[in-house]
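Read through the structure below, which is laid out as structure tokens, and then see the notes.
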Amino acid sequence: MTARTYAIRTYGCQMNEHDSERIAGQLEADGLVLADSPEDADVVVFNTCCIRENADNKFYGHLGNMKTVKEQRPEVEIIVSGCLAQKDRDLVRQRAGHVDVVLGTHNVHRAVELLHASRENGPITEIWDEALDEADSFPSALAVKREIDYSAWVTIQIGCDNTCAYCIVPAVRGKEISRPFGELVEQVEGLAADGVYEITLLGQNVNSYGRDLTSARRTEERSSTDERVAGPLWAADEARRPRPLFADLLSAVSNIEGIGRVRYTSPHPKDFRQETIDAMAANPAVCEHLHLPLQSGSDSMLAAMHRGYTADRYLEKLVAARAGIDDLAVTTDIIVGFPGETDDDFERTLEVVAAAEYDSAYTFIFSPREGTEAADLVEQFCDPATVAERFARLRVVVERSALIRHRARIGRIEEIIVEGPSKRDAGVLSGRTRQNKLIHFPCDKPLRVGTLATARVTDAGTFYLHGELVEVLASPRHRTRIPVAAG
Ligand code: 5AD
Ligand code: SF4
């Protein structure tokens, strides 16, 4: 008998991609294999995002198409998971009765169990309001089917305690919970032993990692579990001061043998501290890349968004980061058209963006999300045509600095990890630099994905670099493509 197959369509952020790996891990443990083409799959998973309206629309469109597939092949099973499922709950089922399982962000680990139950009892919706069992809620803590062998995501924190006025994440991902320090270090050691070279620490607000862990312990007696929960530095500190542990963690995971690249996303500018800059500078494995979401350059917009910093404060932090870390690439997120944004506010954003000299930026048009504070500011919504025009002007400023930053790299030798053949030309390989830039280079040798090499930058565009291979440094070390049980 041939094995049943699955396909997963993931929307949204890296957190979601990581959740998808976890669903894949469960399905594979249940005997399923990845389908060659999603159209033929026996189980189709939609892991959804709700951060902006266009993500919703895209998903509902795809889900609608599945209706025809299900009519032709009634045995196909459909799972809808993730943030939109958490937010819309019954709406998903109302809009698509043909879905077998709807599950939310806190019970991803139940995907296969629910699938089995739906076979017995018909369609199921199970959404948990919060993480009932923290261990299960950390995406990295269970079997994961990683798509790339040399690189892994590690969730250090779930949820978000901030209240950014536009953002639906706290409502769908819940309160901030940090994963114990010792568990994370152990997990990364396991990944390194498995041949993983690059890790990306994930959280909504990574700089506050550990604040909850240390706050909970501050009034307690010293205990033998301190080190496992909060790391050796905090455990040895007589003061037992509640504090974030992100810099400690960054140093600890960067010093694990075999780990050559450490990335993280996303820090919040208000919590981005000198000690993180110092840890980045002191640990060569930490990549020279900082993604620091600006959102707006106008102080009144930043206040209305509840971001907790001013434009000057943001730029000061950026200057400190650039002063502390050699050759730092900086990227950001910006929202255009937040309710009440005036021409003047927008000009401030352009000024800050120009001053920040970003390597690239994700730019978004404000999208009202029901349940957020900003969604109620209907009277202050901006005129869509004005917003579109602002958006285009912002792109020009972002792309200008990206091109300048990229051109400045021509002639340099970059450490790269091979990601595979370029999409356009099989004779050209693509690699990723430490600054997180894509570099395309012609290559007649069959370099394996994950190969560590150096390349000289010969030309630069707005979104990528061109180069030539200089030297192969190391072949990939991974041994297995079998689901990895980590943590
Ligand atoms: N509208 C537009 N952009 C948003 N983002 C988050 N919520 C919204 C929204 N309602 C953007 C922010 C955030 C990124 C992940 O998505 O810029 O940093
Ligand atoms: Fe949303 Fe703000 Fe939390 Fe980021 S920090 S997830 S933008 S509420």
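Chain labels A, B, ... are given in the sequence in which chains occur in the structure tokens; within each chain residues are numbered consecutively from 1, and ligands are likewise numbered from 1 in the order shown.
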Exercise. With only C-alpha atoms and all ligand atoms counted, collect every polymer residue having an atom within 6 Å of ligand 2; state the result as an NGL selection string.
Key: :A and (160 or 162-164 or 167 or 169-170 or 204-205)
Quiz item: How would you write, as JSON, numbers by chain, the set of residues in stretch 153-289 of chain A that DSSP gives as helix (DSSP H, G or I)?
Solution: {"A": [169, 170, 171, 172, 173, 181, 182, 183, 184, 185, 186, 187, 188, 189, 190, 191, 192, 193, 206, 207, 208, 211, 212, 213, 214, 215, 216, 217, 226, 227, 228, 229, 230, 231, 232, 233, 234, 235, 236, 246, 247, 248, 249, 250, 251, 252, 253, 254, 269, 270, 271, 274, 275, 276, 277, 278, 279, 280, 281, 282]}
Export, as a tab-separated table (two decimals), in the first residue's frame, the selected residues with C-alpha atoms.
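As a result, part-v6.tsv now contains:
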chain	number	residue	atom	x	y	z
A	169	VAL	CA	-1.12	39.09	17.84
A	170	PRO	CA	-1.68	39.42	21.60
A	171	ALA	CA	-5.31	38.40	21.08
A	172	VAL	CA	-4.45	35.24	19.14
A	173	ARG	CA	-1.12	34.25	20.66
A	181	PHE	CA	16.80	28.67	29.60
A	182	GLY	CA	18.30	25.23	30.16
A	183	GLU	CA	15.77	23.59	27.88
A	184	LEU	CA	16.66	25.95	25.07
A	185	VAL	CA	20.38	25.39	25.48
A	186	GLU	CA	19.80	21.64	25.46
A	187	GLN	CA	17.66	21.88	22.38
A	188	VAL	CA	20.29	23.85	20.50
A	189	GLU	CA	22.95	21.35	21.59
A	190	GLY	CA	20.76	18.60	20.17
A	191	LEU	CA	20.29	20.48	16.92
A	192	ALA	CA	24.04	21.11	16.64
A	193	ALA	CA	24.71	17.41	17.21
A	206	VAL	CA	12.63	38.49	22.09
A	207	ASN	CA	14.32	41.20	24.15
A	208	SER	CA	11.99	40.58	27.05
A	211	ARG	CA	11.49	38.57	32.35
A	212	ASP	CA	8.57	36.33	33.35
A	213	LEU	CA	10.91	33.54	34.43
A	214	THR	CA	12.98	35.75	36.71
A	215	SER	CA	10.00	37.72	38.06
A	216	ALA	CA	8.40	34.50	39.17
A	217	ARG	CA	11.56	33.50	41.08
A	226	ASP	CA	17.37	28.22	39.14
A	227	GLU	CA	20.05	27.42	36.62
A	228	ARG	CA	17.82	25.27	34.46
A	229	VAL	CA	15.05	27.86	34.40
A	230	ALA	CA	17.00	31.12	34.25
A	231	GLY	CA	20.53	30.20	33.22
A	232	PRO	CA	23.84	30.12	35.10
A	233	LEU	CA	24.42	33.89	35.27
A	234	TRP	CA	21.08	34.66	36.85
A	235	ALA	CA	21.32	31.65	39.17
A	236	ALA	CA	24.67	32.93	40.48
A	246	PHE	CA	18.03	37.51	26.18
A	247	ALA	CA	21.66	38.60	26.13
A	248	ASP	CA	22.62	35.65	28.37
A	249	LEU	CA	20.76	33.30	26.06
A	250	LEU	CA	22.32	34.75	22.93
A	251	SER	CA	25.78	34.19	24.38
A	252	ALA	CA	24.97	30.69	25.61
A	253	VAL	CA	23.60	29.39	22.31
A	254	SER	CA	26.29	31.12	20.27
A	269	PRO	CA	12.99	48.81	20.01
A	270	LYS	CA	11.74	49.83	23.46
A	271	ASP	CA	13.33	46.73	25.00
A	274	GLN	CA	23.03	47.74	25.19
A	275	GLU	CA	23.64	44.30	26.69
A	276	THR	CA	22.12	42.71	23.58
A	277	ILE	CA	24.40	44.82	21.39
A	278	ASP	CA	27.35	43.72	23.51
A	279	ALA	CA	26.34	40.06	23.27
A	280	MET	CA	26.01	40.37	19.49
A	281	ALA	CA	29.43	41.99	19.25
A	282	ALA	CA	31.14	39.55	21.61
Quiz prompt | ligand 1 neighbours within 6 Å using only C-alpha atoms and all ligand atoms, as a list of chain:residue names | solution = A:Ile51, A:Arg52, A:Tyr166, A:Cys167, A:Pro293, A:Gln295, A:Asp333, A:Ile334, A:Ile335, A:Phe364, A:Ile365, A:Phe366, A:Ser367, A:Pro368, A:Arg369
Exercise. Considering only C-alpha atoms, state which residue in the set A:Ser224, A:Thr433, A:Thr68, A:Asn121 is at the smallest distance from A:Ala455.
Key: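 The shortest atom-to-atom distance to A:Ala455 comes from A:Thr433.
For A:Ala117, the set of protein, DNA and RNA residues having any atom at most 12 Å away, when counting only C-alpha atoms and skipping those fewer than 6 positions along the same chain, is Asp100, Val101, Arg110, Ala111, Pro123, Ile124, Thr125 and Glu126 of chain A.
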Restrict the selected residues to C-alpha atoms and save them as a compact mmCIF listing (two decimals), in the first residue's frame.
# COMPACT_ATOMS: atom_id res chain seq x y z
CA ASP A 100 -12.52 18.42 8.86
CA VAL A 101 -10.49 19.97 11.68
CA ARG A 110 -3.29 18.06 18.81
CA ALA A 111 -3.51 18.12 15.00
CA PRO A 123 -15.89 17.65 11.70
CA ILE A 124 -14.25 19.10 14.83
CA THR A 125 -13.39 22.62 15.95
CA GLU A 126 -11.08 22.82 18.95
Exercise. Compare A:Arg477, A:Arg22, A:Arg432, A:Arg93 by their minimum atom-to-atom distance to A:Tyr197, counting only C-alpha atoms, and give me the closest one.
Key: A:Arg477
Picked from stretch 117-353 of chain A by DSSP as strand (DSSP E), as a PDB file with C-alpha atoms, in the first residue's frame:
ATOM      1  CA  ILE A 124     -14.253  19.102  14.825  1.00  0.00           C
ATOM      2  CA  THR A 125     -13.389  22.621  15.954  1.00  0.00           C
ATOM      3  CA  GLU A 126     -11.078  22.820  18.953  1.00  0.00           C
ATOM      4  CA  SER A 151      19.021  25.610   9.736  1.00  0.00           C
ATOM      5  CA  ALA A 152      16.424  25.481  12.511  1.00  0.00           C
ATOM      6  CA  TRP A 153      13.998  27.744  14.280  1.00  0.00           C
ATOM      7  CA  VAL A 154      13.922  27.746  18.039  1.00  0.00           C
ATOM      8  CA  THR A 155      10.944  29.319  19.776  1.00  0.00           C
ATOM      9  CA  GLN A 157       8.936  32.714  23.858  1.00  0.00           C
ATOM     10  CA  ILE A 158       5.286  32.571  22.886  1.00  0.00           C
ATOM     11  CA  ILE A 177       5.621  33.000  28.222  1.00  0.00           C
ATOM     12  CA  SER A 178       9.342  32.260  28.037  1.00  0.00           C
ATOM     13  CA  GLU A 198      22.272  28.059  11.839  1.00  0.00           C
ATOM     14  CA  ILE A 199      19.541  28.767  14.352  1.00  0.00           C
ATOM     15  CA  THR A 200      16.964  31.537  14.483  1.00  0.00           C
ATOM     16  CA  LEU A 201      15.557  32.386  17.895  1.00  0.00           C
ATOM     17  CA  LEU A 202      11.877  33.239  17.562  1.00  0.00           C
ATOM     18  CA  ARG A 261      25.157  31.377  12.773  1.00  0.00           C
ATOM     19  CA  VAL A 262      22.654  32.706  15.252  1.00  0.00           C
ATOM     20  CA  ARG A 263      19.816  34.952  14.173  1.00  0.00           C
ATOM     21  CA  TYR A 264      16.807  36.227  16.070  1.00  0.00           C
ATOM     22  CA  THR A 265      13.520  37.931  15.367  1.00  0.00           C
ATOM     23  CA  HIS A 289      21.899  41.597  11.108  1.00  0.00           C
ATOM     24  CA  LEU A 290      19.343  43.446  13.182  1.00  0.00           C
ATOM     25  CA  HIS A 291      15.665  43.550  12.323  1.00  0.00           C
ATOM     26  CA  ALA A 329      22.788  45.162   8.289  1.00  0.00           C
ATOM     27  CA  VAL A 330      19.573  46.708   9.550  1.00  0.00           C
ATOM     28  CA  THR A 331      16.053  45.933   8.370  1.00  0.00           C
ATOM     29  CA  THR A 332      12.674  47.058   9.623  1.00  0.00           C
ATOM     30  CA  ASP A 333       8.870  46.971   9.441  1.00  0.00           C
ATOM     31  CA  ILE A 334       6.857  50.104   8.668  1.00  0.00           C
ATOM     32  CA  ILE A 335       3.132  50.728   8.626  1.00  0.00           C
ATOM     33  CA  VAL A 336       1.728  53.432   6.373  1.00  0.00           C
TER      34      VAL A 336
END
